[in-house]
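Trainee: Contents of start26.txt (compact mmCIF, C-alpha atoms and all ligand atoms) are below:
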# COMPACT_ATOMS: atom_id res chain seq x y z
CA MET F 1 -71.79 -45.28 -123.00
CA THR F 2 -73.87 -44.91 -119.84
CA ALA F 3 -72.89 -41.85 -117.81
CA ARG F 4 -71.49 -42.73 -114.39
CA TYR F 5 -71.78 -40.40 -111.42
CA TYR F 6 -69.55 -41.05 -108.41
CA ILE F 7 -70.48 -39.26 -105.21
CA MET F 8 -67.88 -38.26 -102.64
CA LEU F 9 -69.57 -38.37 -99.27
CA GLY F 10 -68.06 -37.24 -95.99
CA ALA F 11 -67.79 -34.42 -93.48
CA PRO F 12 -66.12 -31.08 -94.22
CA GLY F 13 -62.39 -31.76 -94.21
CA ALA F 14 -62.77 -35.50 -94.85
CA GLY F 15 -60.68 -35.21 -98.02
CA LYS F 16 -63.43 -35.26 -100.67
CA GLY F 17 -61.88 -32.56 -102.85
CA THR F 18 -58.35 -33.93 -102.52
CA GLN F 19 -59.43 -37.42 -103.55
CA ALA F 20 -61.95 -36.31 -106.18
CA LYS F 21 -59.22 -34.45 -108.09
CA GLN F 22 -57.10 -37.61 -108.30
CA ILE F 23 -59.98 -39.97 -109.11
CA SER F 24 -61.12 -37.54 -111.78
CA GLU F 25 -57.76 -37.88 -113.54
CA GLU F 26 -57.71 -41.63 -113.05
CA LEU F 27 -61.21 -42.18 -114.51
CA GLY F 28 -61.19 -39.32 -117.02
CA LEU F 29 -64.38 -37.82 -115.58
CA PRO F 30 -64.70 -34.15 -114.55
CA HIS F 31 -64.53 -33.19 -110.88
CA ILE F 32 -67.62 -31.17 -109.99
CA SER F 33 -67.52 -29.52 -106.57
CA SER F 34 -70.67 -27.63 -105.54
CA GLY F 35 -68.56 -25.58 -103.09
CA ASP F 36 -66.17 -24.58 -105.90
CA LEU F 37 -69.14 -23.68 -108.13
CA PHE F 38 -70.53 -21.43 -105.37
CA ARG F 39 -67.11 -19.85 -104.77
CA HIS F 40 -66.81 -19.21 -108.50
CA HIS F 41 -70.20 -17.45 -108.54
CA LEU F 42 -69.14 -15.48 -105.48
CA GLY F 43 -65.93 -14.37 -107.18
CA GLU F 44 -67.86 -13.32 -110.28
CA GLY F 45 -70.39 -11.44 -108.14
CA THR F 46 -73.38 -13.18 -109.77
CA GLU F 47 -76.85 -13.04 -108.22
CA LEU F 48 -76.48 -16.68 -107.21
CA GLY F 49 -73.12 -15.92 -105.59
CA VAL F 50 -74.58 -13.05 -103.57
CA LEU F 51 -77.44 -15.29 -102.44
CA ALA F 52 -75.13 -18.17 -101.48
CA LYS F 53 -72.65 -16.00 -99.58
CA LYS F 54 -74.67 -15.52 -96.43
CA PHE F 55 -75.27 -19.27 -96.08
CA MET F 56 -71.64 -20.14 -96.78
CA ASP F 57 -70.28 -17.53 -94.34
CA SER F 58 -72.42 -18.92 -91.53
CA GLY F 59 -71.69 -22.57 -92.38
CA GLU F 60 -75.31 -23.27 -93.36
CA LEU F 61 -76.38 -25.14 -96.48
CA VAL F 62 -77.53 -23.10 -99.46
CA PRO F 63 -81.24 -23.91 -100.15
CA ASP F 64 -81.88 -27.06 -102.17
CA ASP F 65 -83.62 -25.48 -105.16
CA VAL F 66 -80.73 -23.09 -105.81
CA THR F 67 -78.07 -25.76 -105.31
CA ILE F 68 -79.82 -28.39 -107.43
CA GLY F 69 -80.37 -25.90 -110.27
CA MET F 70 -76.70 -24.89 -110.26
CA VAL F 71 -75.41 -28.48 -110.28
CA GLN F 72 -77.93 -29.54 -112.93
CA GLU F 73 -76.75 -26.76 -115.23
CA ARG F 74 -73.15 -27.89 -114.79
CA LEU F 75 -73.91 -31.59 -115.37
CA GLU F 76 -75.73 -30.78 -118.60
CA GLN F 77 -72.53 -29.43 -120.11
CA ASP F 78 -70.76 -31.50 -122.77
CA ASP F 79 -67.70 -32.42 -120.71
CA CYS F 80 -70.02 -34.30 -118.30
CA SER F 81 -71.57 -36.49 -120.98
CA GLU F 82 -69.84 -39.60 -119.59
CA GLY F 83 -70.53 -38.67 -115.97
CA ALA F 84 -68.71 -36.88 -113.18
CA ILE F 85 -67.11 -37.11 -109.76
CA LEU F 86 -69.44 -35.16 -107.50
CA ASP F 87 -67.86 -33.56 -104.46
CA GLY F 88 -70.05 -31.91 -101.82
CA PHE F 89 -73.27 -32.78 -103.66
CA PRO F 90 -75.71 -34.24 -102.69
CA ARG F 91 -75.78 -32.96 -99.10
CA THR F 92 -79.48 -33.48 -98.27
CA PRO F 93 -82.05 -36.20 -99.01
CA ALA F 94 -83.79 -33.86 -101.50
CA GLN F 95 -80.50 -33.38 -103.36
CA ALA F 96 -79.94 -37.15 -103.37
CA GLU F 97 -83.37 -37.67 -104.95
CA ALA F 98 -82.58 -34.93 -107.46
CA ILE F 99 -79.33 -36.53 -108.62
CA GLU F 100 -81.04 -39.92 -109.06
CA LEU F 101 -83.60 -38.28 -111.31
CA LEU F 102 -81.10 -36.14 -113.17
CA ALA F 103 -78.72 -39.06 -113.75
CA ASP F 104 -81.63 -40.97 -115.21
CA GLN F 105 -82.63 -38.05 -117.46
CA LEU F 106 -79.03 -37.76 -118.66
CA GLY F 107 -78.95 -41.45 -119.54
CA GLY F 108 -76.79 -42.55 -116.65
CA LYS F 109 -76.82 -43.61 -113.03
CA VAL F 110 -75.22 -43.03 -109.67
CA ALA F 111 -72.52 -45.69 -109.85
CA LYS F 112 -71.30 -45.43 -106.27
CA ALA F 113 -71.30 -43.23 -103.19
CA LEU F 114 -67.77 -43.19 -101.80
CA TYR F 115 -67.95 -42.38 -98.11
CA LEU F 116 -64.77 -41.11 -96.44
CA ASP F 117 -65.10 -41.96 -92.77
CA VAL F 118 -62.91 -39.60 -90.70
CA ASN F 119 -62.54 -39.06 -86.97
CA LYS F 120 -63.82 -35.65 -85.82
CA ALA F 121 -60.54 -34.49 -84.23
CA LEU F 122 -58.80 -35.06 -87.55
CA LEU F 123 -61.45 -33.06 -89.44
CA VAL F 124 -60.77 -29.98 -87.32
CA GLU F 125 -57.01 -30.39 -87.72
CA ARG F 126 -57.31 -30.78 -91.49
CA LEU F 127 -59.57 -27.75 -91.93
CA SER F 128 -57.47 -25.48 -89.75
CA GLY F 129 -54.37 -26.23 -91.85
CA ARG F 130 -56.10 -26.08 -95.25
CA TRP F 131 -54.89 -23.62 -97.90
CA VAL F 132 -56.54 -23.47 -101.31
CA CYS F 133 -55.87 -21.82 -104.64
CA PRO F 134 -58.53 -19.89 -106.57
CA ASP F 135 -58.73 -22.82 -109.01
CA GLY F 136 -59.64 -25.25 -106.23
CA HIS F 137 -56.29 -27.05 -105.69
CA VAL F 138 -56.00 -28.01 -102.03
CA TYR F 139 -52.99 -28.05 -99.68
CA HIS F 140 -52.30 -28.56 -96.00
CA THR F 141 -49.54 -26.91 -94.01
CA VAL F 142 -48.45 -30.26 -92.55
CA TYR F 143 -50.02 -33.09 -94.56
CA HIS F 144 -49.72 -31.73 -98.08
CA PRO F 145 -47.57 -28.58 -98.16
CA PRO F 146 -46.97 -26.75 -101.44
CA LYS F 147 -43.36 -26.80 -102.71
CA LYS F 148 -43.18 -23.02 -102.34
CA PRO F 149 -45.05 -21.69 -99.28
CA GLY F 150 -48.22 -19.80 -100.20
CA ILE F 151 -48.05 -20.68 -103.93
CA CYS F 152 -49.99 -23.37 -105.82
CA ASP F 153 -47.66 -26.03 -107.32
CA ILE F 154 -49.96 -26.52 -110.28
CA ASP F 155 -50.80 -23.03 -111.51
CA GLY F 156 -48.57 -20.70 -109.49
CA LEU F 157 -51.56 -18.83 -108.02
CA GLU F 158 -51.48 -17.43 -104.51
CA LEU F 159 -52.99 -19.70 -101.85
CA TYR F 160 -55.50 -18.47 -99.26
CA GLN F 161 -57.36 -19.79 -96.22
CA ARG F 162 -61.13 -20.05 -96.63
CA ASP F 163 -63.19 -17.76 -94.36
CA ASP F 164 -65.42 -20.67 -93.41
CA ASP F 165 -62.40 -22.69 -92.17
CA LYS F 166 -62.17 -20.60 -89.01
CA LYS F 167 -62.79 -22.53 -85.82
CA GLU F 168 -66.33 -21.34 -84.93
CA THR F 169 -67.64 -21.98 -88.45
CA VAL F 170 -65.91 -25.36 -88.67
CA GLU F 171 -67.71 -26.64 -85.56
CA HIS F 172 -71.04 -25.49 -86.96
CA ARG F 173 -70.38 -27.00 -90.40
CA ILE F 174 -69.65 -30.36 -88.79
CA THR F 175 -72.94 -30.15 -86.84
CA VAL F 176 -74.83 -29.26 -90.04
CA TYR F 177 -73.15 -32.22 -91.75
CA LEU F 178 -74.19 -34.62 -88.97
CA GLU F 179 -77.79 -33.40 -89.00
CA GLN F 180 -78.44 -32.95 -92.71
CA THR F 181 -75.90 -34.95 -94.72
CA ALA F 182 -74.90 -37.97 -92.61
CA PRO F 183 -78.37 -39.59 -93.17
CA LEU F 184 -77.28 -40.07 -96.81
CA ILE F 185 -74.90 -42.81 -95.64
CA ALA F 186 -77.91 -45.00 -94.78
CA TYR F 187 -79.69 -43.84 -97.97
CA TYR F 188 -76.89 -45.19 -100.19
CA ARG F 189 -76.34 -48.26 -98.02
CA GLU F 190 -79.99 -49.21 -98.57
CA ARG F 191 -79.55 -48.81 -102.33
CA GLY F 192 -76.48 -51.05 -102.27
CA THR F 193 -74.24 -48.34 -103.75
CA LEU F 194 -72.31 -47.30 -100.63
CA ALA F 195 -68.56 -47.94 -100.33
CA THR F 196 -66.96 -46.89 -97.04
CA VAL F 197 -63.28 -46.07 -96.89
CA ASP F 198 -61.14 -45.34 -93.84
CA GLY F 199 -60.45 -41.65 -94.45
CA ASP F 200 -58.12 -41.35 -91.44
CA GLN F 201 -55.32 -42.89 -93.52
CA ASP F 202 -52.84 -40.72 -95.38
CA ILE F 203 -53.77 -39.22 -98.76
CA GLU F 204 -52.09 -41.95 -100.84
CA GLN F 205 -53.59 -44.81 -98.79
CA VAL F 206 -57.08 -43.33 -99.04
CA GLN F 207 -56.56 -43.02 -102.79
CA GLN F 208 -55.61 -46.71 -103.09
CA SER F 209 -58.61 -47.78 -100.99
CA LEU F 210 -60.96 -45.70 -103.13
CA LEU F 211 -59.59 -47.07 -106.40
CA GLN F 212 -60.06 -50.60 -105.08
CA GLU F 213 -63.70 -49.81 -104.26
CA ILE F 214 -64.28 -48.32 -107.72
CA GLY F 215 -62.78 -51.50 -109.21
P1 LIG T 301 -63.17 -31.77 -98.13
O1 LIG T 301 -63.23 -31.52 -99.62
O2 LIG T 301 -63.80 -33.07 -97.75
O3 LIG T 301 -63.69 -30.62 -97.32
P2 LIG T 301 -60.29 -31.46 -98.52
O4 LIG T 301 -59.99 -32.41 -99.63
O5 LIG T 301 -60.33 -30.01 -98.84
O6 LIG T 301 -61.63 -31.93 -97.75
O7 LIG T 301 -59.20 -31.75 -97.37
C1 LIG T 301 -59.20 -30.98 -96.16
C2 LIG T 301 -57.75 -30.72 -95.74
O8 LIG T 301 -57.15 -31.94 -95.32
C3 LIG T 301 -56.85 -30.18 -96.85
O9 LIG T 301 -55.93 -29.27 -96.28
C4 LIG T 301 -56.13 -31.44 -97.39
O10 LIG T 301 -54.83 -31.13 -97.91
C5 LIG T 301 -56.03 -32.29 -96.13
N1 LIG T 301 -56.18 -33.73 -96.37
C6 LIG T 301 -57.04 -34.33 -97.23
N2 LIG T 301 -56.95 -35.68 -97.13
C7 LIG T 301 -56.04 -35.91 -96.16
C8 LIG T 301 -55.50 -37.12 -95.59
N3 LIG T 301 -55.90 -38.33 -95.98
N4 LIG T 301 -54.56 -37.00 -94.62
C9 LIG T 301 -54.16 -35.77 -94.19
N5 LIG T 301 -54.62 -34.60 -94.69
C10 LIG T 301 -55.55 -34.68 -95.68
P1 LIG T 302 -67.56 -27.06 -99.47
O1 LIG T 302 -66.62 -26.36 -100.40
O2 LIG T 302 -68.10 -28.34 -100.03
O3 LIG T 302 -66.99 -27.20 -98.09
O4 LIG T 302 -68.83 -26.10 -99.36
C1 LIG T 302 -68.73 -24.78 -98.84
C2 LIG T 302 -70.12 -24.23 -98.55
O5 LIG T 302 -70.88 -24.13 -99.76
C3 LIG T 302 -70.99 -25.08 -97.63
O6 LIG T 302 -70.72 -24.85 -96.25
C4 LIG T 302 -72.39 -24.61 -98.04
O7 LIG T 302 -72.70 -23.33 -97.49
C5 LIG T 302 -72.23 -24.45 -99.54
N1 LIG T 302 -72.54 -25.73 -100.25
C6 LIG T 302 -71.67 -26.49 -100.97
N2 LIG T 302 -72.29 -27.56 -101.47
C7 LIG T 302 -73.58 -27.50 -101.05
C8 LIG T 302 -74.70 -28.34 -101.22
N3 LIG T 302 -74.64 -29.49 -101.93
N4 LIG T 302 -75.88 -27.97 -100.63
C9 LIG T 302 -75.96 -26.82 -99.94
N5 LIG T 302 -74.94 -25.99 -99.71
C10 LIG T 302 -73.74 -26.32 -100.28
Could you render the structure from this file as structure tokens?
Ligand code: ADP
Ligand code: AMP

Mentor:
Amino acid sequence: MTARYYIMLGAPGAGKGTQAKQISEELGLPHISSGDLFRHHLGEGTELGVLAKKFMDSGELVPDDVTIGMVQERLEQDDCSEGAILDGFPRTPAQAEAIELLADQLGGKVAKALYLDVNKALLVERLSGRWVCPDGHVYHTVYHPPKKPGICDIDGLELYQRDDDKKETVEHRITVYLEQTAPLIAYYRERGTLATVDGDQDIEQVQQSLLQEIG
């Protein structure tokens, strides 16, 4: 079977991780988040994690060569043989070219770029209320609270707020997104693989819209 790569596109806080987790279950493809991969390296104290930390803390993008190498290594693993739901990658035109090439090398293709279009005021509100667990499950104090405050429903781990979700960093991350990642919307539109979904809707409605687009 041809490997299918779905790309979740959208600003920080748009809901990419939240939706990718659900689509991953629905389609039976692994959810690969470049941010989670970096945070994993950071937690393990690897050389890559140490390198990425200063970019992540300041809300900048980690350089393309490092990011592409890390994602490539992950996509070459056996569980990705039928494809993956990519969340947070690609984030630059060079990364978009890299995934085209890699998908081809792995005998697959980028099936669709799913763009979550979200109003800026909502992004800030979503990021400021976000709590995550070390395994990447995502909650929101108002929109998606855990059953037990501070504890992940799924694995019982303690939730925390990401350092880069503080207000100053959030503003900068949105600017970086607009400058470096938003041009990918036109890139995928030109290729005929862009599907735009109204990401302002609630989590369940966004999910339904995405599944309709995936078909
Ligand atoms: P991203 O991966 O794009 O940065 P997340 O999936 O982590 O975004 O979502 C950011 C925050 O917004 C989280 O706290 C999440 O629970 C919440 N959230 C995600 N989608 C929605 C939605 N459609 N409506 C309200 N809150 C949402
Ligand atoms: P995220 O979890 O997607 O919000 O990503 C958190 C941080 O990790 C970003 O602000 C970047 O510093 C870094 N990062 C994640 N994905 C990428 C990527 N594709 N390219 C460059 N940096 C990335």

Trainee: Considering all atoms listed in the file, state which residue in the set F:Asp64, F:Glu171, F:Glu158, F:Glu125 is at the smallest distance from ligand LIG 301 (chain T).

Mentor: F:Glu125

Trainee: Quick one: residues within 8 Å of ligand LIG 302 (chain T), with only C-alpha atoms and all ligand atoms, as a PyMOL selection string?

Mentor: chain F and resi 12-13+33-36+38-39+52-53+55-64+67-68+87-92+95+164+173

Trainee: Could you list the protein, DNA and RNA residues that have any atom within 10 Å of ligand LIG 301 (chain T), counting all atoms listed in the file, and write them as a PyMOL selection string?

Mentor: chain F and resi 8-21+33+35-36+87-88+116+118+122-132+136-146+161+165+198-207

Trainee: Could you check the closest approach to Ile151 (chain F) for each of F:Pro134, F:Lys167, F:Thr196, F:Gly69 and tell me which residue wins, using all atoms listed in the file?

Mentor: F:Pro134

Trainee: Smallest atom-to-atom distance to Leu86 (chain F): which of F:Val170, F:Leu48, F:Leu159, F:Ile7, using only C-alpha atoms?

Mentor: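 Of all the options, F:Ile7 lies closest to Leu86 (chain F).
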
Trainee: Quick test: take region 160-196 of chain F, keep N, CA and C atoms, and write it as a short mmCIF file (atom, residue, chain, number, x, y, z; two decimals), in the first residue's frame.

Mentor:
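Result saved to decode.cif:
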data_model
loop_
_atom_site.label_atom_id
_atom_site.label_comp_id
_atom_site.auth_asym_id
_atom_site.auth_seq_id
_atom_site.Cartn_x
_atom_site.Cartn_y
_atom_site.Cartn_z
N TYR F 160 1.55 19.75 32.98
CA TYR F 160 2.34 20.98 33.20
C TYR F 160 2.04 21.98 32.08
N GLN F 161 2.42 23.25 32.34
CA GLN F 161 2.28 24.28 31.31
C GLN F 161 3.63 24.43 30.63
N ARG F 162 3.62 24.48 29.29
CA ARG F 162 4.88 24.61 28.57
C ARG F 162 5.49 25.99 28.80
N ASP F 163 6.83 26.04 28.95
CA ASP F 163 7.53 27.32 29.14
C ASP F 163 7.26 28.27 27.97
N ASP F 164 7.18 27.71 26.76
CA ASP F 164 7.01 28.59 25.60
C ASP F 164 5.54 29.00 25.40
N ASP F 165 4.66 28.65 26.33
CA ASP F 165 3.27 29.14 26.26
C ASP F 165 3.08 30.42 27.08
N LYS F 166 4.19 30.99 27.58
CA LYS F 166 3.98 32.26 28.29
C LYS F 166 3.79 33.38 27.27
N LYS F 167 3.11 34.44 27.72
CA LYS F 167 2.59 35.44 26.79
C LYS F 167 3.61 36.01 25.80
N GLU F 168 4.78 36.42 26.30
CA GLU F 168 5.78 37.05 25.41
C GLU F 168 6.21 36.07 24.31
N THR F 169 6.43 34.81 24.68
CA THR F 169 6.89 33.84 23.69
C THR F 169 5.78 33.52 22.69
N VAL F 170 4.55 33.48 23.19
CA VAL F 170 3.41 33.16 22.32
C VAL F 170 3.31 34.19 21.19
N GLU F 171 3.40 35.47 21.53
CA GLU F 171 3.31 36.53 20.51
C GLU F 171 4.40 36.31 19.46
N HIS F 172 5.61 36.01 19.93
CA HIS F 172 6.72 35.85 18.99
C HIS F 172 6.51 34.60 18.12
N ARG F 173 6.02 33.52 18.73
CA ARG F 173 5.81 32.30 17.95
C ARG F 173 4.77 32.53 16.85
N ILE F 174 3.76 33.34 17.16
CA ILE F 174 2.75 33.62 16.13
C ILE F 174 3.38 34.43 14.99
N THR F 175 4.25 35.39 15.34
CA THR F 175 4.93 36.18 14.30
C THR F 175 5.82 35.27 13.43
N VAL F 176 6.56 34.38 14.10
CA VAL F 176 7.42 33.45 13.35
C VAL F 176 6.57 32.58 12.43
N TYR F 177 5.42 32.14 12.93
CA TYR F 177 4.51 31.34 12.10
C TYR F 177 4.09 32.13 10.86
N LEU F 178 3.67 33.39 11.07
CA LEU F 178 3.17 34.19 9.94
C LEU F 178 4.27 34.41 8.90
N GLU F 179 5.50 34.62 9.38
CA GLU F 179 6.59 34.90 8.44
C GLU F 179 7.11 33.64 7.74
N GLN F 180 7.27 32.57 8.51
CA GLN F 180 7.99 31.41 7.94
C GLN F 180 7.10 30.24 7.54
N THR F 181 5.96 30.07 8.21
CA THR F 181 5.15 28.87 7.94
C THR F 181 3.90 29.18 7.10
N ALA F 182 3.28 30.34 7.33
CA ALA F 182 2.04 30.64 6.60
C ALA F 182 2.21 30.55 5.07
N PRO F 183 3.41 30.88 4.49
CA PRO F 183 3.55 30.72 3.04
C PRO F 183 3.28 29.29 2.55
N LEU F 184 3.31 28.32 3.45
CA LEU F 184 3.05 26.93 3.02
C LEU F 184 1.58 26.73 2.62
N ILE F 185 0.71 27.62 3.08
CA ILE F 185 -0.71 27.51 2.71
C ILE F 185 -0.81 27.64 1.18
N ALA F 186 -0.14 28.67 0.64
CA ALA F 186 -0.16 28.87 -0.82
C ALA F 186 0.56 27.71 -1.53
N TYR F 187 1.64 27.24 -0.91
CA TYR F 187 2.44 26.13 -1.50
C TYR F 187 1.54 24.91 -1.73
N TYR F 188 0.75 24.55 -0.71
CA TYR F 188 -0.11 23.36 -0.87
C TYR F 188 -1.34 23.66 -1.73
N ARG F 189 -1.80 24.91 -1.67
CA ARG F 189 -2.94 25.26 -2.54
C ARG F 189 -2.55 25.06 -4.00
N GLU F 190 -1.34 25.55 -4.34
CA GLU F 190 -0.86 25.41 -5.73
C GLU F 190 -0.73 23.95 -6.15
N ARG F 191 -0.40 23.09 -5.22
CA ARG F 191 -0.28 21.66 -5.55
C ARG F 191 -1.62 20.94 -5.56
N GLY F 192 -2.67 21.65 -5.14
CA GLY F 192 -4.01 21.03 -5.14
C GLY F 192 -4.23 20.08 -3.98
N THR F 193 -3.38 20.18 -2.93
CA THR F 193 -3.54 19.24 -1.81
C THR F 193 -3.98 19.94 -0.53
N LEU F 194 -4.37 21.21 -0.63
CA LEU F 194 -4.76 21.95 0.58
C LEU F 194 -6.25 21.76 0.89
N ALA F 195 -6.55 21.47 2.17
CA ALA F 195 -7.94 21.48 2.63
C ALA F 195 -7.99 22.44 3.82
N THR F 196 -8.85 23.44 3.74
CA THR F 196 -8.93 24.42 4.82
C THR F 196 -10.16 24.15 5.66
#
